[in-house]
$ cat query_16.cif   # mmCIF, C-alpha atoms and all ligand atoms
data_query
#
loop_
_atom_site.label_atom_id
_atom_site.label_comp_id
_atom_site.auth_asym_id
_atom_site.auth_seq_id
_atom_site.Cartn_x
_atom_site.Cartn_y
_atom_site.Cartn_z
CA MET A 1 14.81 22.89 -38.68
CA LEU A 2 16.21 26.46 -38.73
CA PHE A 3 17.54 26.19 -35.18
CA ASN A 4 19.94 23.29 -35.67
CA SER A 5 23.48 22.67 -34.39
CA LYS A 6 25.17 23.92 -37.62
CA ALA A 7 23.27 27.22 -37.59
CA VAL A 8 23.95 27.79 -33.87
CA ALA A 9 27.65 26.88 -34.30
CA PHE A 10 27.96 29.20 -37.33
CA LEU A 11 26.34 32.11 -35.50
CA LEU A 12 28.46 31.77 -32.37
CA ALA A 13 31.65 31.13 -34.39
CA ALA A 14 30.99 34.27 -36.49
CA ILE A 15 30.46 36.36 -33.34
CA VAL A 16 33.65 34.99 -31.70
CA GLY A 17 35.64 35.42 -34.96
CA ILE A 18 34.49 39.03 -35.37
CA LEU A 19 35.15 39.85 -31.70
CA THR A 20 38.65 38.32 -31.85
CA THR A 21 39.51 40.23 -35.05
CA ALA A 22 38.07 43.46 -33.61
CA PHE A 23 40.05 43.03 -30.39
CA LEU A 24 43.32 42.32 -32.28
CA TYR A 25 42.59 45.28 -34.58
CA LEU A 26 42.89 47.55 -31.52
CA VAL A 27 46.36 46.17 -30.77
CA PRO A 28 49.02 48.21 -32.56
CA ASP A 29 51.30 46.70 -35.22
CA VAL A 30 49.22 43.63 -36.07
CA SER A 31 49.33 42.78 -39.75
CA THR A 32 46.21 42.13 -41.87
CA LEU A 33 47.39 38.56 -42.44
CA ALA A 34 47.63 37.96 -38.68
CA LEU A 35 44.18 39.49 -38.24
CA THR A 36 42.73 37.21 -40.95
CA VAL A 37 44.44 34.09 -39.58
CA ALA A 38 43.35 34.86 -36.01
CA GLY A 39 39.77 35.55 -37.17
CA LEU A 40 39.62 32.36 -39.23
CA LEU A 41 41.20 30.24 -36.49
CA SER A 42 38.85 31.47 -33.78
CA PHE A 43 35.89 31.04 -36.17
CA SER A 44 36.81 27.42 -37.03
CA ALA A 45 37.68 26.44 -33.45
CA THR A 46 34.43 27.89 -32.08
CA TYR A 47 32.40 26.39 -34.92
CA PHE A 48 33.90 22.97 -34.29
CA LEU A 49 33.48 23.11 -30.50
CA VAL A 50 29.92 24.46 -30.52
CA TYR A 51 28.88 22.08 -33.27
CA VAL A 52 30.22 19.03 -31.39
CA VAL A 53 28.68 20.11 -28.08
CA PHE A 54 25.25 20.89 -29.57
CA GLU A 55 25.13 17.99 -31.97
CA PHE A 56 26.22 15.30 -29.54
CA LEU A 57 24.97 16.56 -26.25
CA VAL A 58 21.94 18.69 -26.86
CA PHE A 59 20.27 18.00 -30.20
CA ARG A 60 20.84 14.27 -30.15
CA GLU A 61 19.24 14.01 -26.72
CA ILE A 62 16.39 16.33 -27.68
CA GLY A 63 15.92 14.19 -30.80
CA LYS A 64 15.66 11.14 -28.55
CA ILE A 65 13.02 12.90 -26.44
CA TYR A 66 10.99 13.51 -29.61
CA GLU A 67 11.48 9.89 -30.58
CA VAL A 68 10.16 8.78 -27.17
CA LEU A 69 7.18 11.13 -27.45
CA ASN A 70 6.40 9.82 -30.93
CA LYS A 71 6.60 6.24 -29.77
CA LEU A 72 4.36 7.01 -26.79
CA ARG A 73 1.85 8.59 -29.15
CA LYS A 74 1.89 5.41 -31.23
CA LYS A 75 1.65 3.29 -28.02
CA ASP A 76 4.95 1.61 -28.85
CA PHE A 77 6.61 0.60 -25.57
CA SER A 78 9.41 -1.46 -27.12
CA PHE A 79 12.08 1.02 -26.03
CA ILE A 80 11.68 0.25 -22.33
CA GLU A 81 15.31 -1.00 -21.90
CA GLU A 82 16.81 2.05 -23.62
CA THR A 83 15.44 4.41 -21.00
CA GLU A 84 16.01 2.19 -18.00
CA ASP A 85 19.44 3.65 -17.15
CA GLN A 86 18.23 5.73 -14.23
CA ASN A 87 21.63 6.47 -12.69
CA THR A 88 22.88 8.49 -15.63
CA LEU A 89 24.22 11.97 -14.91
CA ASN A 90 22.98 13.24 -18.25
CA PRO A 91 19.97 15.45 -17.42
CA PHE A 92 18.47 14.87 -20.88
CA LYS A 93 18.48 11.13 -20.39
CA ARG A 94 16.83 11.59 -17.02
CA ILE A 95 14.15 13.82 -18.55
CA ASN A 96 13.65 11.22 -21.25
CA THR A 97 13.21 8.45 -18.67
CA GLU A 98 10.76 10.61 -16.71
CA ILE A 99 8.71 11.37 -19.83
CA TYR A 100 8.67 7.71 -20.71
CA LYS A 101 7.55 6.65 -17.22
CA TYR A 102 4.89 9.34 -17.11
CA GLY A 103 3.58 8.30 -20.53
CA VAL A 104 3.49 4.61 -19.64
CA ASN A 105 1.72 5.27 -16.32
CA ARG A 106 -0.91 7.49 -17.96
CA HIS A 107 -1.38 4.88 -20.67
CA LYS A 108 -1.91 2.16 -18.02
CA GLU A 109 -4.38 4.34 -16.12
CA ILE A 110 -6.37 5.01 -19.29
CA GLU A 111 -6.39 1.32 -20.18
CA ASP A 112 -7.56 0.42 -16.64
CA LEU A 113 -10.31 3.05 -16.78
CA LYS A 114 -11.43 1.74 -20.17
CA LYS A 115 -11.53 -1.81 -18.80
CA MET A 116 -13.50 -0.71 -15.75
CA GLU A 117 -15.92 1.21 -17.91
CA ALA A 118 -16.46 -1.83 -20.17
CA PHE A 119 -16.86 -4.02 -17.09
CA ARG A 120 -19.39 -1.60 -15.57
CA ARG A 121 -21.41 -1.50 -18.80
CA GLU A 122 -21.37 -5.28 -19.10
CA PHE A 123 -22.34 -5.70 -15.45
CA LEU A 124 -25.24 -3.27 -15.76
CA ALA A 125 -26.50 -5.12 -18.84
CA ASP A 126 -26.17 -8.48 -17.03
CA VAL A 127 -27.96 -7.23 -13.90
CA SER A 128 -30.82 -5.76 -15.95
CA HIS A 129 -31.15 -9.01 -17.86
CA GLU A 130 -31.09 -11.14 -14.71
CA LEU A 131 -33.68 -8.92 -12.97
CA LYS A 132 -35.89 -8.80 -16.04
CA THR A 133 -36.43 -12.57 -16.24
CA PRO A 134 -38.16 -13.16 -12.87
CA ILE A 135 -39.99 -9.81 -12.98
CA PHE A 136 -41.45 -10.56 -16.43
CA ALA A 137 -42.46 -14.04 -15.35
CA ALA A 138 -44.25 -12.83 -12.18
CA GLN A 139 -45.83 -9.96 -14.14
CA GLY A 140 -47.12 -12.43 -16.75
CA PHE A 141 -48.77 -14.68 -14.16
CA VAL A 142 -50.36 -11.79 -12.26
CA HIS A 143 -51.76 -10.20 -15.44
CA THR A 144 -53.16 -13.51 -16.69
CA LEU A 145 -54.91 -13.89 -13.34
CA LEU A 146 -56.29 -10.35 -13.53
CA ASP A 147 -57.48 -10.97 -17.08
CA GLY A 148 -59.83 -13.67 -15.87
CA ALA A 149 -57.80 -16.73 -14.90
CA VAL A 150 -58.47 -15.84 -11.27
CA GLU A 151 -61.97 -17.32 -11.65
CA ASP A 152 -60.54 -20.77 -12.34
CA LYS A 153 -59.62 -22.16 -8.92
CA ARG A 154 -57.12 -24.72 -10.25
CA VAL A 155 -55.27 -22.27 -12.49
CA ARG A 156 -55.34 -19.59 -9.79
CA GLY A 157 -53.36 -21.67 -7.30
CA LYS A 158 -50.85 -22.79 -9.94
CA PHE A 159 -50.24 -19.29 -11.28
CA LEU A 160 -49.93 -17.75 -7.85
CA LYS A 161 -47.35 -20.39 -6.90
CA ARG A 162 -45.36 -19.68 -10.06
CA ALA A 163 -45.51 -15.92 -9.48
CA ALA A 164 -44.31 -16.48 -5.90
CA LYS A 165 -41.44 -18.67 -7.16
CA SER A 166 -40.30 -15.93 -9.55
CA LEU A 167 -40.42 -13.37 -6.77
CA ASP A 168 -38.42 -15.69 -4.51
CA ARG A 169 -35.79 -15.93 -7.27
CA LEU A 170 -35.73 -12.16 -7.44
CA ASP A 171 -35.24 -11.99 -3.69
CA VAL A 172 -32.27 -14.42 -3.78
CA LEU A 173 -30.74 -12.52 -6.68
CA ILE A 174 -31.01 -9.14 -4.95
CA HIS A 175 -29.65 -10.62 -1.75
CA ASP A 176 -26.60 -12.00 -3.61
CA LEU A 177 -26.07 -8.71 -5.45
CA LEU A 178 -26.18 -6.80 -2.16
CA THR A 179 -23.70 -9.18 -0.51
CA LEU A 180 -21.32 -8.83 -3.45
CA SER A 181 -21.48 -5.05 -3.44
CA GLN A 182 -21.12 -4.89 0.36
CA ILE A 183 -17.98 -7.04 0.23
CA GLU A 184 -16.57 -4.93 -2.59
CA THR A 185 -17.23 -1.59 -0.95
CA GLY A 186 -15.89 -2.87 2.35
CA GLU A 187 -19.28 -2.33 4.00
CA ILE A 188 -19.10 -5.82 5.45
CA LYS A 189 -16.58 -5.57 8.26
CA MET A 190 -14.42 -8.60 8.81
CA HIS A 191 -14.58 -10.18 12.26
CA PHE A 192 -11.56 -12.43 12.56
CA GLU A 193 -11.72 -14.99 15.34
CA HIS A 194 -10.46 -18.42 16.30
CA PHE A 195 -13.17 -21.01 15.63
CA ASN A 196 -13.61 -24.71 15.01
CA ILE A 197 -14.18 -25.17 11.28
CA VAL A 198 -15.25 -28.81 11.73
CA GLU A 199 -18.22 -27.54 13.74
CA SER A 200 -19.14 -24.93 11.09
CA ALA A 201 -18.91 -27.55 8.36
CA SER A 202 -21.15 -29.95 10.36
CA GLU A 203 -23.77 -27.21 10.59
CA VAL A 204 -23.55 -26.71 6.82
CA LEU A 205 -23.98 -30.45 6.25
CA ASP A 206 -27.00 -30.48 8.60
CA GLU A 207 -28.57 -27.49 6.85
CA LEU A 208 -28.22 -29.01 3.38
CA GLU A 209 -28.91 -32.64 4.27
CA THR A 210 -32.54 -32.61 3.10
CA LYS A 211 -31.52 -31.29 -0.32
CA ALA A 212 -28.87 -34.01 -0.69
CA ASP A 213 -31.30 -36.69 0.55
CA LYS A 214 -33.87 -35.67 -2.07
CA LYS A 215 -31.27 -36.48 -4.74
CA LYS A 216 -30.21 -39.65 -2.90
CA LEU A 217 -26.59 -38.48 -2.72
CA LYS A 218 -24.01 -39.86 -0.30
CA PHE A 219 -23.40 -36.76 1.74
CA SER A 220 -20.85 -36.53 4.56
CA PHE A 221 -17.28 -35.73 5.65
CA ASP A 222 -14.64 -37.72 3.72
CA VAL A 223 -13.40 -39.26 7.00
CA GLU A 224 -14.51 -38.90 10.58
CA TYR A 225 -13.11 -35.80 12.29
CA ASP A 226 -13.30 -36.41 16.01
CA ARG A 227 -10.98 -33.52 16.90
CA PRO A 228 -11.67 -29.85 16.36
CA ILE A 229 -9.63 -27.89 13.78
CA PHE A 230 -9.28 -24.27 14.82
CA VAL A 231 -8.82 -21.64 12.15
CA TYR A 232 -8.38 -17.89 12.29
CA ALA A 233 -10.96 -16.29 9.98
CA ASP A 234 -14.36 -14.60 9.80
CA SER A 235 -16.65 -17.46 10.85
CA GLU A 236 -19.84 -16.03 9.30
CA LEU A 237 -18.22 -15.38 5.92
CA ILE A 238 -16.55 -18.79 5.88
CA TYR A 239 -19.94 -20.34 6.68
CA ARG A 240 -21.29 -18.54 3.62
CA VAL A 241 -18.43 -19.91 1.49
CA LEU A 242 -19.12 -23.43 2.69
CA ILE A 243 -22.87 -23.09 2.06
CA ASN A 244 -22.26 -21.79 -1.49
CA LEU A 245 -19.73 -24.48 -2.42
CA VAL A 246 -21.63 -27.38 -0.85
CA SER A 247 -24.99 -26.32 -2.30
CA ASN A 248 -23.38 -25.98 -5.75
CA ALA A 249 -21.97 -29.50 -5.38
CA ILE A 250 -25.46 -30.83 -4.51
CA LYS A 251 -27.14 -28.72 -7.19
CA TYR A 252 -25.00 -29.97 -10.06
CA THR A 253 -24.56 -33.58 -8.93
CA ASP A 254 -27.31 -36.00 -9.94
CA GLU A 255 -25.87 -39.18 -8.54
CA GLY A 256 -22.95 -40.33 -6.43
CA SER A 257 -21.58 -38.34 -3.58
CA VAL A 258 -20.69 -34.96 -2.19
CA ASN A 259 -18.13 -34.83 0.58
CA LEU A 260 -16.19 -32.35 2.61
CA GLY A 261 -12.68 -32.85 3.97
CA PHE A 262 -9.80 -31.13 5.73
CA ASP A 263 -6.07 -31.42 5.28
CA VAL A 264 -3.91 -29.90 8.01
CA GLY A 265 -0.27 -28.98 7.44
CA ASP A 266 2.23 -26.12 7.46
CA GLY A 267 0.19 -23.99 9.85
CA GLN A 268 -2.74 -24.11 7.47
CA VAL A 269 -5.82 -26.16 6.77
CA THR A 270 -7.08 -26.92 3.29
CA VAL A 271 -10.83 -27.34 3.09
CA ALA A 272 -12.06 -29.32 0.07
CA ILE A 273 -15.59 -29.93 -1.22
CA ARG A 274 -15.69 -32.78 -3.71
CA ASP A 275 -18.54 -34.04 -5.85
CA THR A 276 -19.15 -36.71 -8.47
CA GLY A 277 -21.11 -34.33 -10.70
CA PRO A 278 -20.76 -33.64 -14.43
CA GLY A 279 -17.49 -31.72 -14.07
CA ILE A 280 -16.65 -28.36 -15.60
CA PRO A 281 -15.17 -28.10 -19.11
CA PRO A 282 -11.48 -27.04 -18.84
CA GLU A 283 -12.04 -24.00 -21.08
CA HIS A 284 -14.59 -22.66 -18.55
CA LEU A 285 -12.62 -23.34 -15.37
CA GLY A 286 -11.02 -19.90 -15.44
CA ARG A 287 -14.33 -18.12 -15.87
CA ILE A 288 -16.70 -19.72 -13.37
CA PHE A 289 -15.76 -17.17 -10.68
CA GLU A 290 -16.94 -14.27 -12.87
CA ARG A 291 -20.30 -12.74 -12.03
CA PHE A 292 -23.19 -14.30 -13.94
CA PHE A 293 -20.93 -16.78 -15.73
CA ARG A 294 -22.63 -20.14 -16.03
CA VAL A 295 -21.44 -23.18 -17.93
CA ASP A 296 -25.01 -24.10 -18.78
CA LYS A 297 -27.33 -21.12 -18.39
CA SER A 298 -30.65 -22.94 -18.47
CA ARG A 299 -29.46 -25.71 -16.16
CA SER A 300 -28.21 -23.21 -13.59
CA LYS A 301 -31.43 -21.16 -13.66
CA GLU A 302 -33.65 -24.22 -13.55
CA ARG A 303 -31.76 -25.25 -10.39
CA GLY A 304 -32.25 -21.85 -8.79
CA GLY A 305 -28.76 -20.47 -9.49
CA THR A 306 -28.12 -16.73 -9.62
CA GLY A 307 -24.68 -17.03 -11.22
CA LEU A 308 -23.21 -15.03 -8.33
CA GLY A 309 -22.39 -17.76 -5.79
CA LEU A 310 -18.80 -18.36 -6.86
CA ALA A 311 -18.12 -14.63 -7.36
CA ILE A 312 -19.12 -14.14 -3.72
CA VAL A 313 -16.89 -17.05 -2.64
CA LYS A 314 -13.94 -15.56 -4.57
CA HIS A 315 -14.37 -12.15 -2.94
CA ILE A 316 -14.69 -13.59 0.56
CA MET A 317 -11.54 -15.66 0.13
CA GLU A 318 -9.66 -12.64 -1.23
CA ALA A 319 -10.72 -10.68 1.85
CA HIS A 320 -8.99 -13.48 3.83
CA ASP A 321 -5.81 -13.12 1.71
CA SER A 322 -6.54 -16.57 0.36
CA LYS A 323 -8.08 -17.92 -2.81
CA VAL A 324 -10.43 -20.64 -3.92
CA SER A 325 -9.12 -23.27 -6.34
CA VAL A 326 -10.94 -25.75 -8.50
CA THR A 327 -10.00 -28.96 -10.25
CA SER A 328 -12.46 -30.87 -12.36
CA THR A 329 -12.67 -33.86 -14.66
CA MET A 330 -15.50 -34.06 -17.15
CA GLY A 331 -17.89 -36.87 -16.29
CA LYS A 332 -16.13 -37.57 -12.99
CA GLY A 333 -16.65 -34.56 -10.76
CA SER A 334 -15.21 -31.37 -9.34
CA SER A 335 -13.29 -30.35 -6.27
CA PHE A 336 -13.29 -26.82 -4.84
CA SER A 337 -10.78 -25.99 -2.12
CA PHE A 338 -9.43 -23.09 -0.10
CA ARG A 339 -6.85 -22.57 2.62
CA LEU A 340 -7.08 -20.86 5.98
CA PRO A 341 -4.45 -20.26 8.67
CA LEU A 342 -4.72 -22.52 11.69
CA GLY A 343 -6.04 -20.75 14.78
CA LYS A 344 -5.64 -21.19 18.50
CA THR A 345 -7.70 -23.69 20.42
CA ILE A 346 -9.95 -22.39 23.22
CA GLN A 347 -7.43 -23.78 25.73
CA GLU A 348 -4.52 -21.96 24.08
CA GLU A 349 -6.50 -18.75 24.07
CA GLU A 350 -7.37 -19.13 27.75
CA GLU A 351 -3.72 -19.85 28.58
CA GLU A 352 -2.69 -16.73 26.73
CA VAL A 353 -5.16 -14.60 28.70
CA THR A 354 -3.89 -16.09 31.98
CA ASP A 355 -0.26 -15.42 30.96
CA LEU A 356 -1.17 -11.82 30.19
CA GLU A 357 -2.97 -11.41 33.51
CA LEU A 358 0.00 -12.88 35.36
CA ALA A 359 2.38 -10.57 33.52
CA GLU A 360 0.33 -7.57 34.62
P1 LIG A 401 -24.89 -20.60 -10.10
O1 LIG A 401 -25.84 -19.80 -9.31
O2 LIG A 401 -25.23 -20.64 -11.55
O3 LIG A 401 -24.63 -21.94 -9.50
P2 LIG A 401 -22.18 -20.01 -9.35
O4 LIG A 401 -21.43 -18.71 -9.41
O5 LIG A 401 -22.33 -20.64 -8.03
O6 LIG A 401 -23.55 -19.73 -10.06
O7 LIG A 401 -21.46 -21.03 -10.32
C1 LIG A 401 -21.11 -20.64 -11.63
C2 LIG A 401 -21.18 -21.79 -12.59
O8 LIG A 401 -20.14 -22.74 -12.29
C3 LIG A 401 -22.46 -22.58 -12.49
O9 LIG A 401 -23.47 -22.04 -13.30
C4 LIG A 401 -22.05 -23.96 -12.98
O10 LIG A 401 -22.09 -23.99 -14.39
C5 LIG A 401 -20.59 -24.06 -12.55
N1 LIG A 401 -20.43 -24.85 -11.32
C6 LIG A 401 -20.27 -24.37 -10.06
N2 LIG A 401 -20.09 -25.36 -9.18
C7 LIG A 401 -20.17 -26.51 -9.88
C8 LIG A 401 -20.07 -27.90 -9.53
N3 LIG A 401 -19.84 -28.31 -8.28
N4 LIG A 401 -20.15 -28.79 -10.54
C9 LIG A 401 -20.33 -28.41 -11.82
N5 LIG A 401 -20.45 -27.12 -12.21
C10 LIG A 401 -20.35 -26.18 -11.25
#

$ encode --input "query_16.cif" --output "structure tokens"
Amino acid sequence: MLFNSKAVAFLLAAIVGILTTAFLYLVPDVSTLALTVAGLLSFSATYFLVYVVFEFLVFREIGKIYEVLNKLRKKDFSFIEETEDQNTLNPFKRINTEIYKYGVNRHKEIEDLKKMEAFRREFLADVSHELKTPIFAAQGFVHTLLDGAVEDKRVRGKFLKRAAKSLDRLDVLIHDLLTLSQIETGEIKMHFEHFNIVESASEVLDELETKADKKKLKFSFDVEYDRPIFVYADSELIYRVLINLVSNAIKYTDEGSVNLGFDVGDGQVTVAIRDTGPGIPPEHLGRIFERFFRVDKSRSKERGGTGLGLAIVKHIMEAHDSKVSVTSTMGKGSSFSFRLPLGKTIQEEEEEVTDLELAE
């Protein structure tokens, strides 16, 4: 590099040396030796000073900035501690830290965008695939009927039923997709209220009783709950969560029991849905909440699953600042649970209103 500390120091030292000699030259009675010594001394002192200042304060720091830029270009973030000294007075160090932070943030943004793009592509492919299956099936039945099968009374009824079943599947799938997108875009507004979750759960058990009976499952609360448990949440969305978790438990359990229980403590209630189904392999436990992830694709589809139920549950619980957990033992069963904050009883609410009215 032409513009380095030695060249700058030499240039400035030469200028200062010449100026000093020229100035002394104007003073009368100064010997040539004195002029030479003064010129050389001022040259060396300036050279030394400028060189030290530039080399150690300016060029070294600029060199570090280049180093940081190079590392950023190579996506090497190993130098994070070196640039963490934010309280330094050295402006170069501060610039360096700023460049580093800027680079890291941009890098993170790009990585996030790439992930989102990959996710979007994958989701689009999954949705198309999921929609294609029932549409193709219904299309096949309808065309076979049009091609002549309609004349055969027995076949006609069977094919129409199958086409209707495929279209029903399509309807459920689109309904689930819409719910998911509405929760994500915030279109579904949350209506938090104090309600009795034991009552909601009883309604869920009533609604799904016939399905459980068909499979001869023991289907009930784990113990008798003769007192209400009030929670503060969106009752409709929590009903949806319960329906999804309990119907999954029934869907995947072939014998034994499905039960629902509550555990109250620490201002919260834990709701658990337990089954004696096949269990979920440990390597899949972390993935079952992803959209369209199924442990056994054919089994899920054959049982009417869209692969979106648990993704919906996860989103609803996140909207409640809570999360759904799962534990499972292969061959023994699974347990899905979530927590909600305890709410006020109707009496407490009424008392609060009266207190407010009295205060006014
Ligand atoms: P699906 O519509 O396929 O049931 P979900 O999102 O509700 O989709 O569940 C995802 C996958 O998790 C299911 O395909 C199934 O493999 C597994 N799963 C969910 N609940 C249970 C359960 N109670 N027992 C065993 N496996 C389950």

$ residues_near_ligand --input "query_16.cif" --ligand "ligand LIG 401 (chain A)" --cutoff "9 Å" --atoms "only C-alpha atoms and all ligand atoms" --output "PyMOL selection string"
chain A and resi 244-253+273-281+284-285+287-301+303-313+328+333-336

$ write_last_selection --input "query_16.cif" --atoms "C-alpha atoms" --output "short mmCIF file (atom, residue, chain, number, x, y, z; two decimals), keeping the file's coordinate frame"
data_model
loop_
_atom_site.label_atom_id
_atom_site.label_comp_id
_atom_site.auth_asym_id
_atom_site.auth_seq_id
_atom_site.Cartn_x
_atom_site.Cartn_y
_atom_site.Cartn_z
CA ASN A 244 -22.26 -21.79 -1.49
CA LEU A 245 -19.73 -24.48 -2.42
CA VAL A 246 -21.63 -27.38 -0.85
CA SER A 247 -24.99 -26.32 -2.30
CA ASN A 248 -23.38 -25.98 -5.75
CA ALA A 249 -21.97 -29.50 -5.38
CA ILE A 250 -25.46 -30.83 -4.51
CA LYS A 251 -27.14 -28.72 -7.19
CA TYR A 252 -25.00 -29.97 -10.06
CA THR A 253 -24.56 -33.58 -8.93
CA ILE A 273 -15.59 -29.93 -1.22
CA ARG A 274 -15.69 -32.78 -3.71
CA ASP A 275 -18.54 -34.04 -5.85
CA THR A 276 -19.15 -36.71 -8.47
CA GLY A 277 -21.11 -34.33 -10.70
CA PRO A 278 -20.76 -33.64 -14.43
CA GLY A 279 -17.49 -31.72 -14.07
CA ILE A 280 -16.65 -28.36 -15.60
CA PRO A 281 -15.17 -28.10 -19.11
CA HIS A 284 -14.59 -22.66 -18.55
CA LEU A 285 -12.62 -23.34 -15.37
CA ARG A 287 -14.33 -18.12 -15.87
CA ILE A 288 -16.70 -19.72 -13.37
CA PHE A 289 -15.76 -17.17 -10.68
CA GLU A 290 -16.94 -14.27 -12.87
CA ARG A 291 -20.30 -12.74 -12.03
CA PHE A 292 -23.19 -14.30 -13.94
CA PHE A 293 -20.93 -16.78 -15.73
CA ARG A 294 -22.63 -20.14 -16.03
CA VAL A 295 -21.44 -23.18 -17.93
CA ASP A 296 -25.01 -24.10 -18.78
CA LYS A 297 -27.33 -21.12 -18.39
CA SER A 298 -30.65 -22.94 -18.47
CA ARG A 299 -29.46 -25.71 -16.16
CA SER A 300 -28.21 -23.21 -13.59
CA LYS A 301 -31.43 -21.16 -13.66
CA ARG A 303 -31.76 -25.25 -10.39
CA GLY A 304 -32.25 -21.85 -8.79
CA GLY A 305 -28.76 -20.47 -9.49
CA THR A 306 -28.12 -16.73 -9.62
CA GLY A 307 -24.68 -17.03 -11.22
CA LEU A 308 -23.21 -15.03 -8.33
CA GLY A 309 -22.39 -17.76 -5.79
CA LEU A 310 -18.80 -18.36 -6.86
CA ALA A 311 -18.12 -14.63 -7.36
CA ILE A 312 -19.12 -14.14 -3.72
CA VAL A 313 -16.89 -17.05 -2.64
CA SER A 328 -12.46 -30.87 -12.36
CA GLY A 333 -16.65 -34.56 -10.76
CA SER A 334 -15.21 -31.37 -9.34
CA SER A 335 -13.29 -30.35 -6.27
CA PHE A 336 -13.29 -26.82 -4.84
#

$ closest_atom_pairs --input "query_16.cif" --of "range 92-203 of chain A" --to "range 219-236 of chain A" --cutoff "8 Å" --atoms "all atoms listed in the file" --output "tab-separated table"
residue	atom	partner	partner_atom	distance
A:Met190	CA	A:Asp234	CA	6.1
A:His191	CA	A:Asp234	CA	5.1
A:Phe192	CA	A:Asp234	CA	4.5
A:Glu193	CA	A:Tyr232	CA	5.4
A:His194	CA	A:Tyr232	CA	4.5
A:Phe195	CA	A:Phe230	CA	5.1
A:Asn196	CA	A:Phe230	CA	4.4
A:Ile197	CA	A:Ile229	CA	5.9
A:Val198	CA	A:Pro228	CA	5.9
A:Glu199	CA	A:Pro228	CA	7.4
A:Ser200	CA	A:Ser235	CA	7.9

$ atom_distance --input "query_16.cif" --atom1 "CA of Ala14 in chain A" --atom2 "CA of Phe43 in chain A"
5.9 Å

$ closest_residue --input "query_16.cif" --among "A:Met317, A:Ala34, A:Ala7, A:Ala22" --to "Glu55 in chain A" --atoms "all atoms listed in the file"
A:Ala7

$ atom_distance --input "query_16.cif" --atom1 "CA of Lys64 in chain A" --atom2 "CA of Tyr47 in chain A"
23.5 Å

$ atom_distance --input "query_16.cif" --atom1 "CA of Gly63 in chain A" --atom2 "CA of His107 in chain A"
22.1 Å

$ closest_residue --input "query_16.cif" --among "A:Gly186, A:Val127, A:Ala149, A:Leu72" --to "Tyr102 in chain A" --atoms "only C-alpha atoms"
A:Leu72

$ residues_around --input "query_16.cif" --residues "range 108-110 of chain A" --least-positions-apart "5" --cutoff "12 Å" --atoms "all atoms listed in the file" --output "PyMOL selection string"
chain A and resi 72+75+77+101-103+115-117

$ residues_around --input "query_16.cif" --residues "Ile62 in chain A" --least-positions-apart "5" --cutoff "10 Å" --atoms "all atoms listed in the file" --output "VMD selection string"
chain A and resid 55 57 67 to 68 92 to 93 95 to 96

$ residues_around --input "query_16.cif" --residues "His143 in chain A" --least-positions-apart "6" --cutoff "12 Å" --atoms "only C-alpha atoms" --output "list in words"
Phe136, Ala137, Ala149, Val150, Arg156, Phe159, Leu160 and Ala163 of chain A

$ closest_residue --input "query_16.cif" --among "A:Glu352, A:Glu209, A:Glu130, A:Glu184" --to "Asp171 in chain A" --atoms "all atoms listed in the file"
A:Glu130

$ closest_residue --input "query_16.cif" --among "A:Leu260, A:Val8, A:Ala201, A:Ile18" --to "Phe59 in chain A" --atoms "only C-alpha atoms"
A:Val8

$ closest_residue --input "query_16.cif" --among "A:Thr327, A:Lys6, A:Gly17, A:Val271" --to "Val53 in chain A" --atoms "only C-alpha atoms"
A:Lys6

$ closest_residue --input "query_16.cif" --among "A:Leu69, A:Ala125, A:Ile135, A:Val353" --to "Leu173 in chain A" --atoms "only C-alpha atoms"
A:Ile135
